[in-house]
Every structure is written in structure tokens, then in C-alpha cells.
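Structure file my_file.txt with compact mmCIF, C-alpha atoms:
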```txt
# COMPACT_ATOMS: atom_id res chain seq x y z
CA MET A 1 116.37 97.85 122.95
CA LEU A 2 113.06 97.00 124.48
CA ALA A 3 110.89 100.07 124.14
CA LEU A 4 110.79 103.69 123.07
CA PHE A 5 108.76 106.29 124.91
CA LYS A 6 108.60 109.95 125.95
CA ILE A 7 108.25 111.59 129.32
CA ARG A 8 107.61 115.23 130.08
CA ASN A 9 109.25 116.99 133.00
CA ILE A 10 106.27 118.83 134.43
CA ILE A 11 108.16 120.64 137.16
CA SER A 12 110.63 122.40 134.91
CA GLU A 13 110.06 125.76 133.31
CA ALA A 14 110.73 124.44 129.87
CA ALA A 15 108.43 121.44 130.38
CA ALA A 16 110.99 119.47 128.46
CA VAL A 17 109.99 116.27 126.76
CA HIS A 18 112.61 113.55 126.99
CA ARG A 19 112.70 110.88 124.34
CA LEU A 20 113.86 107.75 126.06
CA VAL A 21 114.74 104.20 125.28
CA LEU A 22 114.52 101.20 127.56
CA VAL A 23 117.49 98.95 126.94
CA ARG A 24 118.62 95.63 128.33
CA ILE A 25 122.33 95.68 128.98
CA LEU A 26 124.40 92.76 127.73
CA ASP A 27 127.94 92.22 128.92
CA PRO A 28 130.67 90.98 126.58
CA ILE A 29 131.85 87.48 127.29
CA ASN A 30 135.55 86.79 127.62
CA GLY A 31 136.30 90.47 128.05
CA GLY A 32 135.09 91.34 124.55
CA ARG A 33 137.74 89.24 122.87
CA PHE A 34 136.93 87.20 119.80
CA HIS A 35 135.71 83.67 120.34
CA ILE A 36 138.43 81.67 118.61
CA PRO A 37 136.43 78.92 116.83
CA SER A 38 133.69 81.19 115.57
CA ARG A 39 135.70 84.42 115.28
CA HIS A 40 132.86 86.42 116.72
CA ILE A 41 132.27 88.46 119.83
CA ARG A 42 129.75 87.02 122.24
CA VAL A 43 127.55 88.81 124.71
CA GLY A 44 125.47 87.54 127.57
CA ASN A 45 122.93 88.69 130.11
CA ARG A 46 124.18 90.75 132.98
CA ILE A 47 123.89 88.82 136.20
CA ASN A 48 125.42 90.84 138.99
CA ALA A 49 124.30 94.40 138.31
CA ARG A 50 120.98 95.78 137.08
CA ASP A 51 120.42 94.68 133.54
CA MET A 52 117.86 97.26 132.49
CA ARG A 53 118.41 100.95 132.01
CA ILE A 54 116.59 103.94 130.63
CA VAL A 55 118.73 106.33 128.63
CA SER A 56 118.14 109.20 126.27
CA ILE A 57 117.46 108.15 122.75
CA GLY A 58 120.44 110.20 121.61
CA ALA A 59 122.71 107.76 123.36
CA VAL A 60 121.77 105.07 120.86
CA ILE A 61 124.47 105.01 118.20
CA GLY A 62 123.12 102.18 116.12
CA GLN A 63 121.72 98.73 116.04
CA GLY A 64 123.48 95.42 116.12
CA GLN A 65 122.43 92.00 115.00
CA VAL A 66 122.73 89.32 117.63
CA ILE A 67 122.08 85.63 117.07
CA PRO A 68 121.15 83.32 119.93
CA SER A 69 123.91 80.99 120.90
CA GLY A 70 123.40 78.94 123.99
CA LYS A 71 121.51 79.91 127.08
CA LYS A 72 121.23 83.69 127.41
CA GLN A 73 124.18 84.19 125.11
CA TRP A 74 124.30 85.83 121.73
CA ILE A 75 126.78 86.11 118.91
CA VAL A 76 127.30 89.64 117.63
CA ASN A 77 127.23 89.61 113.87
CA HIS A 78 129.74 92.20 112.77
CA ARG A 79 129.56 91.30 109.11
CA THR A 80 126.19 92.84 108.38
CA GLY A 81 127.73 95.63 106.37
CA LEU A 82 130.91 97.40 105.55
CA ARG A 83 130.41 100.03 108.24
CA THR A 84 129.84 97.52 111.03
CA PHE A 85 132.69 95.43 109.74
CA ASN A 86 135.09 98.38 109.95
CA GLU A 87 133.88 99.52 113.35
CA ILE A 88 134.17 96.21 115.14
CA TYR A 89 136.75 94.25 113.23
CA MET B 1 122.99 86.29 97.85
CA ARG B 2 124.11 89.60 99.30
CA ASN B 3 121.66 89.32 102.18
CA LEU B 4 122.77 85.76 102.79
CA GLY B 5 126.36 86.93 103.08
CA ARG B 6 125.40 89.39 105.80
CA CYS B 7 124.24 86.74 108.20
CA ILE B 8 125.65 83.41 107.07
CA ALA B 9 128.88 83.57 109.06
CA ALA B 10 127.21 84.35 112.38
CA VAL B 11 124.39 81.88 111.79
CA LEU B 12 126.86 79.12 110.99
CA ALA B 13 128.88 80.03 114.07
CA SER B 14 125.74 79.68 116.16
CA ALA B 15 124.62 76.45 114.49
CA LEU B 16 128.00 74.72 114.60
CA GLN B 17 128.88 75.54 118.15
CA ASN B 18 128.34 72.13 119.76
CA LEU B 19 131.25 70.25 118.29
CA ASP B 20 132.08 66.58 118.67
CA SER B 21 135.69 65.59 118.49
CA SER B 22 134.98 63.96 115.11
CA GLN B 23 133.27 67.06 113.75
CA TYR B 24 135.61 69.66 115.15
CA GLN B 25 138.00 69.93 112.21
CA ASP B 26 135.25 69.86 109.59
CA PHE B 27 133.15 72.50 111.31
CA LYS B 28 136.20 74.64 111.92
CA SER B 29 137.17 74.45 108.26
CA ALA B 30 133.63 75.28 107.18
CA LEU B 31 133.49 78.30 109.47
CA LYS B 32 136.89 79.49 108.36
CA CYS B 33 135.97 79.12 104.70
CA VAL B 34 132.68 81.00 105.01
CA SER B 35 134.22 83.75 107.14
CA ALA B 36 137.03 84.24 104.64
CA GLN B 37 134.57 84.44 101.77
CA VAL B 38 132.37 86.97 103.59
CA ASP B 39 135.39 89.06 104.60
CA LEU B 40 136.62 89.04 101.05
CA THR B 41 133.23 90.19 99.80
CA LEU B 42 133.06 92.97 102.35
CA MET B 43 136.53 94.23 101.58
CA ALA B 44 135.79 94.16 97.88
CA GLN B 45 133.13 96.79 98.55
CA TYR B 46 135.71 99.38 99.58
CA ARG B 47 135.59 102.43 97.39
CA SER B 48 139.32 102.90 97.63
CA HIS B 49 142.11 100.46 98.32
CA THR B 50 145.58 100.52 99.73
CA PRO B 51 148.30 97.86 99.46
CA ASP B 52 147.27 96.74 102.94
CA THR B 53 143.65 96.16 102.03
CA LEU B 54 144.70 94.30 98.91
CA SER B 55 147.04 92.09 100.90
CA TYR B 56 144.21 91.40 103.35
CA MET B 57 142.00 90.38 100.46
CA GLU B 58 144.64 88.10 99.05
CA SER B 59 145.11 86.44 102.42
CA TYR B 60 141.34 85.94 102.72
CA LEU B 61 141.31 84.43 99.27
CA GLN B 62 144.12 82.06 100.13
CA THR B 63 142.27 80.99 103.27
CA PHE B 64 139.15 80.40 101.24
CA HIS B 65 140.96 78.28 98.65
CA ARG B 66 142.72 76.34 101.38
CA THR B 67 139.50 75.44 103.20
CA LYS B 68 136.92 75.21 100.42
CA VAL B 69 137.49 71.46 100.05
CA ILE B 70 135.07 70.88 102.89
CA PHE B 71 132.19 71.95 100.61
CA LEU B 72 133.33 69.94 97.64
CA GLU B 73 131.04 66.99 98.27
CA PHE B 74 127.97 69.25 98.25
CA ARG B 75 128.31 70.45 94.68
CA PRO B 76 128.39 67.39 92.47
CA SER B 77 127.55 67.93 88.84
CA LYS B 78 124.92 65.87 87.04
CA ALA B 79 127.58 63.71 85.44
CA THR B 80 129.19 63.03 88.80
CA HIS B 81 125.79 62.16 90.27
CA ALA B 82 125.17 59.69 87.48
CA GLN B 83 128.61 58.21 87.86
CA ALA B 84 128.15 57.81 91.61
CA ASN B 85 124.77 56.12 91.12
CA CYS B 86 126.28 53.77 88.57
CA GLN B 87 129.06 52.88 90.98
CA ASP B 88 126.48 52.23 93.70
CA ARG B 89 124.66 49.78 91.47
CA GLU B 90 127.84 48.02 90.52
CA LEU B 91 128.89 47.68 94.14
CA ARG B 92 125.48 46.43 95.24
CA GLU B 93 125.20 43.66 92.68
CA PRO B 94 128.47 41.72 93.01
CA MET B 95 128.65 41.95 96.73
CA PRO B 96 126.19 39.11 97.49
CA ASP B 97 128.07 36.83 95.13
CA GLN B 98 131.35 37.60 96.82
CA ARG B 99 130.05 36.48 100.19
CA PRO B 100 130.99 33.03 101.37
CA LYS B 101 128.17 30.54 101.13
CA GLU B 102 127.97 30.00 104.85
CA VAL B 103 126.77 33.60 105.18
CA TYR B 104 123.38 32.56 103.84
CA TYR B 105 122.92 30.21 106.78
CA ILE B 106 123.37 32.83 109.46
CA THR B 107 120.42 34.50 111.11
CA VAL B 108 118.89 37.84 110.19
CA ALA B 109 120.17 39.47 113.37
CA ASN B 110 123.72 38.50 112.48
CA ARG B 111 123.28 39.48 108.86
CA ARG B 112 122.29 43.07 109.71
CA PRO B 113 125.78 44.22 110.78
CA LEU B 114 127.15 42.94 107.53
CA ALA B 115 124.57 44.91 105.59
CA ASP B 116 125.39 48.02 107.58
CA GLN B 117 129.05 47.55 106.87
CA GLU B 118 128.36 47.25 103.15
CA ARG B 119 126.24 50.42 103.25
CA VAL B 120 128.99 52.36 104.97
CA GLU B 121 131.52 51.12 102.46
CA ARG B 122 129.29 52.16 99.55
CA SER B 123 128.74 55.64 100.97
CA ASP B 124 132.48 56.04 101.57
CA ARG B 125 133.24 55.09 98.02
CA ARG B 126 130.54 57.43 96.78
CA ALA B 127 132.02 60.31 98.79
CA ASP B 128 135.49 59.47 97.47
CA LEU B 129 134.24 59.51 93.92
CA ILE B 130 132.45 62.82 94.39
CA ARG B 131 135.52 64.40 95.97
CA ARG B 132 137.68 63.06 93.16
CA GLU B 133 135.41 64.21 90.37
CA ASN B 134 134.20 67.53 91.72
CA HIS B 135 136.18 70.71 91.39
CA PHE B 136 135.94 74.43 91.72
CA ASN B 137 137.39 75.16 88.33
CA PHE B 138 134.74 77.47 87.00
CA ILE B 139 135.09 80.96 85.71
CA LYS B 140 133.60 82.91 88.63
CA MET B 141 135.99 81.28 91.04
CA HIS B 142 138.88 82.26 88.82
CA TYR B 143 137.78 85.92 88.68
CA LEU B 144 138.43 86.29 92.40
CA THR B 145 142.12 85.77 91.89
CA ASP B 146 142.26 88.68 89.46
CA PHE B 147 140.60 91.18 91.79
CA ALA B 148 143.78 92.60 93.34
CA SER B 149 145.61 92.95 90.05
CA HIS B 150 142.58 94.66 88.49
CA VAL B 151 142.39 97.14 91.36
CA ARG B 152 146.06 97.96 90.85
CA ARG B 153 145.44 98.54 87.14
CA PHE B 154 142.01 100.16 87.07
CA ALA B 155 141.54 101.48 90.64
CA SER B 156 138.44 100.42 92.57
CA ILE B 157 136.44 98.18 90.32
CA SER B 158 133.11 98.64 92.09
CA MET B 159 132.41 101.38 89.56
CA TYR B 160 132.39 98.74 86.84
CA SER B 161 129.60 96.83 88.51
CA THR B 162 126.97 95.62 86.09
CA GLU B 163 124.29 95.00 88.71
CA ILE B 164 122.38 98.21 88.04
CA GLY B 165 122.33 97.63 84.31
CA GLU B 166 121.20 94.03 84.73
CA LEU B 167 118.37 95.02 87.05
CA ALA B 168 117.31 97.80 84.73
CA HIS B 169 117.32 95.37 81.83
CA LYS B 170 114.80 93.21 83.64
CA ASP B 171 112.48 95.93 84.90
CA GLN B 172 112.71 98.44 82.10
CA ILE B 173 113.09 96.25 79.05
CA LYS B 174 111.89 92.70 79.57
CA ASP B 175 108.68 93.46 81.46
CA GLY B 176 107.77 96.17 78.99
CA TYR B 177 108.42 93.90 76.03
CA ARG B 178 106.24 91.14 77.48
CA ARG B 179 103.37 93.57 77.89
CA SER B 180 103.70 95.00 74.40
CA ASN B 181 102.13 93.53 71.26
CA LYS B 182 105.68 92.91 69.94
CA ASN B 183 105.05 95.29 67.07
CA GLU B 184 107.38 98.31 67.22
CA ALA B 185 107.98 97.44 70.82
CA ALA B 186 110.49 100.17 71.66
CA ARG B 187 107.92 102.93 72.01
CA GLN B 188 105.57 100.70 74.00
CA ILE B 189 108.39 99.70 76.33
CA LEU B 190 109.20 103.33 77.01
CA SER B 191 105.58 104.29 77.69
CA HIS B 192 105.10 101.21 79.90
CA TYR B 193 108.09 102.10 82.04
CA GLY B 194 106.96 105.74 82.24
CA ARG B 195 103.55 104.66 83.52
CA GLN B 196 105.08 102.27 86.06
CA HIS B 197 107.43 104.95 87.31
CA ALA B 198 104.69 107.58 87.63
CA LEU B 199 102.42 105.17 89.48
CA GLY B 200 105.21 104.20 91.84
CA ILE B 201 105.89 107.82 92.73
CA ARG B 202 102.17 108.48 93.19
CA LEU B 203 101.84 105.50 95.54
CA GLN B 204 104.78 106.69 97.60
CA THR B 205 103.20 110.13 97.88
CA ILE B 206 99.90 108.67 99.06
CA GLU B 207 101.69 106.50 101.59
CA ALA B 208 103.64 109.46 102.96
CA LEU B 209 100.48 111.58 103.26
CA SER B 210 98.58 108.83 105.03
CA LYS B 211 101.15 108.53 107.80
CA VAL B 212 100.05 110.09 111.08
CA GLU B 213 102.60 111.53 113.38
CA GLY B 214 102.59 109.48 116.57
CA VAL B 215 102.41 111.04 119.94
CA ILE B 216 103.73 109.17 122.92
CA VAL B 217 101.81 109.72 126.13
CA VAL B 218 102.85 108.25 129.45
CA GLU B 219 99.90 106.89 131.37
CA ASP B 220 98.86 107.95 134.88
CA SER B 221 100.70 105.79 137.33
CA GLY B 222 98.96 107.11 140.42
CA MET B 223 102.34 107.66 142.05
CA GLU B 224 105.01 110.28 141.52
CA MET B 225 104.71 109.90 137.78
CA LEU B 226 101.34 111.60 137.33
CA THR B 227 101.17 113.04 133.86
CA VAL B 228 98.55 114.60 131.68
CA PRO B 229 98.21 114.19 127.95
CA SER B 230 98.81 117.39 126.05
CA ARG B 231 96.09 116.53 123.56
CA SER B 232 92.49 115.75 124.21
CA THR B 233 92.48 112.39 122.48
CA PRO B 234 95.44 110.23 123.40
CA ARG B 235 96.86 108.30 120.53
CA ARG B 236 98.57 104.97 120.43
CA VAL B 237 101.53 104.89 122.75
CA VAL B 238 103.99 102.35 121.55
CA LYS B 239 104.70 101.31 118.03
CA GLY B 240 106.28 97.99 117.39
CA SER B 241 105.72 94.33 116.91
CA MET B 242 104.05 93.93 120.30
CA LYS B 243 100.31 94.34 120.17
CA ASN B 244 98.09 95.74 122.90
CA THR B 245 100.79 97.78 124.54
CA SER B 246 99.10 101.14 124.78
CA THR B 247 99.99 101.79 128.41
CA LEU B 248 103.03 101.48 130.61
CA THR B 249 101.47 98.62 132.55
CA GLU B 250 100.82 96.65 129.39
CA LEU B 251 104.31 97.38 128.18
CA CYS B 252 105.76 96.01 131.41
CA THR B 253 103.58 92.94 131.09
CA ALA B 254 104.63 92.38 127.50
CA LEU B 255 108.31 92.75 128.32
CA ASP B 256 108.01 90.67 131.46
CA ILE B 257 109.36 93.46 133.61
CA HIS B 258 108.10 94.28 137.03
CA TYR B 259 106.19 97.55 137.10
CA SER B 260 108.07 98.85 140.14
CA ASN B 261 111.40 98.20 138.41
CA MET B 262 110.24 100.17 135.43
CA LEU B 263 109.16 103.09 137.58
CA GLU B 264 112.41 102.91 139.48
CA GLU B 265 114.37 103.21 136.25
CA ILE B 266 112.27 106.13 135.09
CA LEU B 267 112.74 107.90 138.40
CA ARG B 268 116.47 107.26 138.27
CA PHE B 269 116.63 108.88 134.88
CA ILE B 270 114.56 111.82 136.09
CA ARG B 271 116.84 112.34 139.07
CA GLN B 272 119.83 112.40 136.77
CA THR B 273 118.36 114.87 134.32
CA ALA B 274 116.18 117.01 136.55
CA ALA B 275 119.19 118.86 137.93
CA ASP B 276 119.84 120.32 134.50
CA ASP B 277 116.32 121.67 134.07
CA ARG B 278 115.30 124.94 135.68
CA ARG B 279 112.59 124.17 138.17
CA LEU B 280 109.43 126.13 138.77
CA PRO B 281 109.05 127.85 142.17
CA ALA B 282 108.47 125.10 144.68
CA THR B 283 106.45 126.94 147.36
CA ARG B 284 102.76 127.59 146.92
CA PRO B 285 100.67 129.17 149.69
CA ASN B 286 97.30 127.71 148.79
CA SER B 287 96.95 125.10 146.17
CA GLY B 288 93.94 125.29 143.98
CA TYR B 289 94.47 128.98 143.22
CA PHE B 290 96.56 130.55 140.53
CA LEU B 291 99.32 132.83 141.64
CA TRP B 292 99.19 136.28 140.12
CA LYS B 293 102.86 136.89 140.87
CA ASP B 294 104.00 133.98 138.83
CA LEU B 295 101.70 134.85 136.01
CA LEU B 296 102.69 138.50 135.96
CA SER B 297 106.39 137.72 136.08
CA LEU B 298 106.17 135.75 132.88
CA LYS B 299 107.66 137.24 129.76
CA SER B 300 104.49 136.98 127.75
CA GLN B 301 101.35 137.46 129.78
CA CYS B 302 98.07 135.97 128.94
CA PRO B 303 95.18 138.39 129.65
CA THR B 304 92.58 135.69 129.41
CA PHE B 305 93.98 134.14 132.53
CA ARG B 306 92.69 137.01 134.55
CA LYS B 307 89.22 135.88 133.58
CA LEU B 308 90.09 132.31 134.38
CA THR B 309 91.47 133.13 137.82
CA GLY B 310 88.73 135.64 138.62
CA SER B 311 85.98 133.17 138.05
CA ARG B 312 86.56 129.44 138.34
CA SER B 313 83.52 128.68 136.26
CA THR B 314 84.76 130.51 133.25
CA ALA B 315 83.16 129.31 130.08
CA PRO B 316 85.46 127.83 127.46
CA ALA B 317 84.56 130.54 125.01
CA ALA B 318 86.11 133.14 127.29
CA LEU B 319 89.59 131.87 126.48
CA GLU B 320 91.10 133.23 123.37
CA PRO B 321 93.44 130.82 121.70
CA ARG B 322 95.44 133.52 119.97
CA HIS B 323 97.33 134.42 123.15
CA SER B 324 100.40 132.50 123.99
CA ALA B 325 102.03 132.17 127.37
CA THR B 326 103.76 129.73 129.64
CA VAL B 327 101.60 129.27 132.67
CA ALA B 328 101.83 127.05 135.70
CA LEU B 329 98.82 125.67 137.48
CA GLU B 330 98.81 123.86 140.76
CA THR B 331 96.14 121.71 142.26
CA ILE B 332 95.69 119.87 145.48
CA GLY B 333 93.88 116.88 144.14
CA CYS B 334 96.62 115.54 141.93
CA GLY B 335 99.61 117.01 143.71
CA SER B 336 101.11 118.00 140.42
CA ARG B 337 101.60 121.04 138.29
CA LEU B 338 100.76 121.21 134.68
CA VAL B 339 102.56 123.28 132.16
CA GLY B 340 101.14 124.29 128.86
CA LYS B 341 102.57 126.46 126.18
CA ARG B 342 99.39 127.33 124.37
CA THR B 343 96.25 128.93 125.65
CA MET B 344 94.14 126.05 124.49
CA ASP B 345 96.34 123.69 126.44
CA ILE B 346 95.90 125.85 129.51
CA TYR B 347 92.16 125.78 129.15
CA ARG B 348 92.15 122.04 128.62
CA ASP B 349 94.34 121.36 131.63
CA ALA B 350 92.29 123.66 133.83
CA TRP B 351 89.08 122.03 132.69
CA TRP B 352 90.52 118.57 133.28
CA LEU B 353 91.45 119.51 136.82
CA GLY B 354 88.03 120.99 137.47
CA CYS B 355 89.31 124.49 138.17
```
As C-alpha cells, how would this structure be written, given the file I've shared?
Amino acid sequence: MLALFKIRNIISEAAAVHRLVLVRILDPINGGRFHIPSRHIRVGNRINARDMRIVSIGAVIGQGQVIPSGKKQWIVNHRTGLRTFNEIY
Amino acid sequence: MRNLGRCIAAVLASALQNLDSSQYQDFKSALKCVSAQVDLTLMAQYRSHTPDTLSYMESYLQTFHRTKVIFLEFRPSKATHAQANCQDRELREPMPDQRPKEVYYITVANRRPLADQERVERSDRRADLIRRENHFNFIKMHYLTDFASHVRRFASISMYSTEIGELAHKDQIKDGYRRSNKNEAARQILSHYGRQHALGIRLQTIEALSKVEGVIVVEDSGMEMLTVPSRSTPRRVVKGSMKNTSTLTELCTALDIHYSNMLEEILRFIRQTAADDRRLPATRPNSGYFLWKDLLSLKSQCPTFRKLTGSRSTAPAALEPRHSATVALETIGCGSRLVGKRTMDIYRDAWWLGC
């Protein structure tokens, strides 16, 4: 997640304010399977498609801890708490 | 310790990723040991257990015990340290005497490999001694083996945790006793804790009252994204660790994103969501004038707008803020329409546009 901001739709009757989040999309490495030596999932920068997207803030379901591992690769730490542990493991 | 457990496995996995062939087994054992310990700790936090969860815990514990040897050399006791130092001294002294006499006639350059070899031998012996003398036979390590059986007997044992009591003993008893005059300390301890508690609550109240609700305002881009702040004084735009990011341009600069890419993403989102919103009438005969039809067709009409539309130089005082309506204004200059829900907003927008 890179930034949080609001925009207002000025051409709608409701003049709705959208709460948005700018996210950088990371793709799972090795198809999302666990890396055998480290027993963690790894993610990396998206190369082929657009790597940045703006979505509604309601689409954010939580935060994850990633630790740099190599060039533009991160390890997803799924042991930060019991809830994360149960969701990913 | 708890916070360390949350990140230690992933941090170790990141730090020990570049493995040599000589280090591979050791690093793998270390990772496996730490992961098993962290998994065991996490599963011990379950509020309820099943035979499956208990069997998982037992398997984690077995893995931990099987691989913990890798950390054995890093926890020598004081006695083992002293014994290892003593062995070092003993090894260092007789070694020169054991050398053949011709060794003393060789050059310094040739003597250095021999010294290195002796040093390696000493360190190997030291590591052997430490591994031989060290152990994990202490009481906290033994308690882990009883966890599953205790859960079977007493249900989830997290309810027997003594952490809260131990923390309370420090904050509520020890600190109060230190600040007392040690004479009939019980009453002073109670009053000290009461004062601390009341002050803490008061500070939290002050902090909550001092917080200002942030308003996010998108800056004028000069393109299709022309917007107008709904309040007269724009506040700070983006909260976060990045400083000096009060506008979209600065945000793009701080994030190292091209401004056009950012606008493209915003427009893409707008195109996706705009279909769901009910649009205002698109046709306007003459921009710069307010349309009576639109204003009259609104559910709640605003009479003060008649004054505003009748005379373009209406004084601000002519608008009465008590009326509420949803009103659309259109101007030529900006090519945009502004929507306000309050009369004061309408006045402010009209004044801003120079109507």
C-alpha cells in the first residue's frame, strides 16, 4: 500500500466521495507454493502487467509483513500472529 | 520475546538465504528449529484444542528437539566457558615444546601455516568441549513436553497464564512500594496506583480531544480531474511517514511514480465506478447561468438561490445557511460542475467561480 486518498465524483447526483488506496501489486513466486528451505511464501514485483492499481479502501482486507529477500523479492511473514498463521498456513 | 517470535523465522529465512554447500545443513537445521519453536508457540495460543492440534504441537516439539543441537554451542554456561579457556591455555603451552627442533629454524612465512593449523585445532577442541558440556536440561525446556498432557487434563491452559499477574505485580506493587516511605506501605501503594491510573486516563482523554479529523482534498490537476475543496481552508492531504506530500504531484514524486500513470489509474477507477453513480443532466444550453428547471425539480428547494441567480453580484449575507438543498452549478471557465449539499458550500463554490 503506497497511499490513501479520497476523490469526489462531481458529476454524480450524490457527489459521492470514494476512499481509495494506491497499491503496488506483487505476484507470488513459484505459484504461491512454499519455498522449501525457508518454508515461507515469496512475492516479487510484477513485470509483465501494470504493477500499480487504485482500488476502494474496502477492498483492503488486512496488512501483511514482508521482509526483503533478494532483488525485488520479499518473504511473506505468516507467523506474525495466530490469525495470520491460520489464514495462510 | 513475544515480538521477537513474530518476526524471527522470516528474518532468519531472509538472512540465511545465500547458502554455501558447507553451510547448507547448518542453516537448514537452524531454520527448521526456529520455525518449529515459533509454530509451537503460536499453536499454544489456541483457546481450544483438538487431538489434531495437539498432535501438531507434539510433532513441532519433536522437530525442535531434533534440531536444537545446532544452537548448543551458543549457550555455554560460565563453568563451561572457564573450562574451555583452561583447555585453551593447556593446549597453547605444550604445543611449542612438542614441535621438532628444526621447526625453529624455518622462516616466519613457513611458520604461519603451522600457527593457523594450531589455532584451528584449538577452536575445534573448544567447540567439541562446549558441545559435550552444554545441554538443554533446564526446567522451562521440560515444561514444553507436558503441554499436551496438561491440555488433555485441564483444557486450554492459556487461562492459567501468570503474565497479567506478574505485570501487575511490577506496576501496581513494586513501583508503589519504592515511592512510599516504607511505613504502612499498603495504603500508600494503593493511593499511588490510583493516582497513576487517573492520570493515565486523563492523558488519554486529552490526546483524543486534541486529534483533528483529517480531510483529504485532491489537488487541481488542470486536466479532467479538476476538483474543488469543500472547505475554505484545505488541510493536510496525506498522513504518513513521508513528509511534504500535501499534493498529488508531491505524492507522485515521493513514490517515484510518473504523474500521468497516477492520473491514468485514477481515471481507470473512475470509469469503473462512474457507471454505478447516477449522473447529473449532461446538456446545458448556456454555461455560466444556473438552470431554473434543475433547481426547481430538486426535492428540497433553496429559495436563496433565486437571489443568487437573479443577481450575480449577490452579497454573501443574502444567503441563508439554514436552507439545505442539492444544487448543481456549471461554469465555462473550469469546464466542471460543482455539487454542494449545504447552502454555505453553494455560496462558497459560487464565490470561488466568480459567479
Set the cut-off to 9 Å and count only C-alpha atoms: what are the residues of chain A that reach chain B? Output as a PDB file with C-alpha atoms, in the coordinates of the input.
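Below is the file that was written, result_7.pdb:
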```pdb
ATOM      1  CA  LEU A   2     113.060  97.000 124.480  1.00  0.00           C
ATOM      2  CA  ALA A   3     110.890 100.070 124.140  1.00  0.00           C
ATOM      3  CA  LEU A   4     110.790 103.690 123.070  1.00  0.00           C
ATOM      4  CA  PHE A   5     108.760 106.290 124.910  1.00  0.00           C
ATOM      5  CA  LYS A   6     108.600 109.950 125.950  1.00  0.00           C
ATOM      6  CA  ILE A   7     108.250 111.590 129.320  1.00  0.00           C
ATOM      7  CA  ARG A   8     107.610 115.230 130.080  1.00  0.00           C
ATOM      8  CA  ASN A   9     109.250 116.990 133.000  1.00  0.00           C
ATOM      9  CA  ILE A  10     106.270 118.830 134.430  1.00  0.00           C
ATOM     10  CA  ILE A  11     108.160 120.640 137.160  1.00  0.00           C
ATOM     11  CA  SER A  12     110.630 122.400 134.910  1.00  0.00           C
ATOM     12  CA  GLU A  13     110.060 125.760 133.310  1.00  0.00           C
ATOM     13  CA  ALA A  14     110.730 124.440 129.870  1.00  0.00           C
ATOM     14  CA  ALA A  15     108.430 121.440 130.380  1.00  0.00           C
ATOM     15  CA  ALA A  16     110.990 119.470 128.460  1.00  0.00           C
ATOM     16  CA  LEU A  22     114.520 101.200 127.560  1.00  0.00           C
ATOM     17  CA  PRO A  37     136.430  78.920 116.830  1.00  0.00           C
ATOM     18  CA  SER A  38     133.690  81.190 115.570  1.00  0.00           C
ATOM     19  CA  ARG A  39     135.700  84.420 115.280  1.00  0.00           C
ATOM     20  CA  HIS A  40     132.860  86.420 116.720  1.00  0.00           C
ATOM     21  CA  MET A  52     117.860  97.260 132.490  1.00  0.00           C
ATOM     22  CA  ARG A  53     118.410 100.950 132.010  1.00  0.00           C
ATOM     23  CA  ILE A  54     116.590 103.940 130.630  1.00  0.00           C
ATOM     24  CA  VAL A  55     118.730 106.330 128.630  1.00  0.00           C
ATOM     25  CA  SER A  56     118.140 109.200 126.270  1.00  0.00           C
ATOM     26  CA  GLN A  65     122.430  92.000 115.000  1.00  0.00           C
ATOM     27  CA  VAL A  66     122.730  89.320 117.630  1.00  0.00           C
ATOM     28  CA  ILE A  67     122.080  85.630 117.070  1.00  0.00           C
ATOM     29  CA  PRO A  68     121.150  83.320 119.930  1.00  0.00           C
ATOM     30  CA  SER A  69     123.910  80.990 120.900  1.00  0.00           C
ATOM     31  CA  GLY A  70     123.400  78.940 123.990  1.00  0.00           C
ATOM     32  CA  TRP A  74     124.300  85.830 121.730  1.00  0.00           C
ATOM     33  CA  ILE A  75     126.780  86.110 118.910  1.00  0.00           C
ATOM     34  CA  VAL A  76     127.300  89.640 117.630  1.00  0.00           C
ATOM     35  CA  ASN A  77     127.230  89.610 113.870  1.00  0.00           C
ATOM     36  CA  HIS A  78     129.740  92.200 112.770  1.00  0.00           C
ATOM     37  CA  ARG A  79     129.560  91.300 109.110  1.00  0.00           C
ATOM     38  CA  THR A  80     126.190  92.840 108.380  1.00  0.00           C
ATOM     39  CA  GLY A  81     127.730  95.630 106.370  1.00  0.00           C
ATOM     40  CA  LEU A  82     130.910  97.400 105.550  1.00  0.00           C
ATOM     41  CA  PHE A  85     132.690  95.430 109.740  1.00  0.00           C
TER      42      PHE A  85
END
```
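The smallest atom-to-atom distance between Val43 (chain A) and any of A:Leu26, A:Val17, A:Val60, A:Gly31, using all atoms listed in the file, is found for A:Leu26.
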* **Computed interatomic separation between CA of Phe138 (chain B) and CA of Gln83 (chain B) (Å)** => 20.2 Å
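Atom to atom, CA of Glu121 (chain B) and CA of Glu73 (chain B) stand 16.4 Å apart.
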* Distance CA of Ile157 (chain B)-CA of Pro51 (chain B), one decimal place? -> 15.0 Å
Report, as AutoDock Vina command-line options, the centre and edge lengths in Å (one decimal) of the axis-aligned box enclosing every listed atom of region 75-85 of chain B, padded by 6 Å on each side.
```
--center_x 127.0 --center_y 63.3 --center_z 90.1 --size_x 16.4 --size_y 26.3 --size_z 21.2
```
* Asked: Pick from B:Lys174, B:His135, B:Lys68, B:Arg111: nearest to Thr80 (chain B), with only C-alpha atoms counted?
  -> B:His135
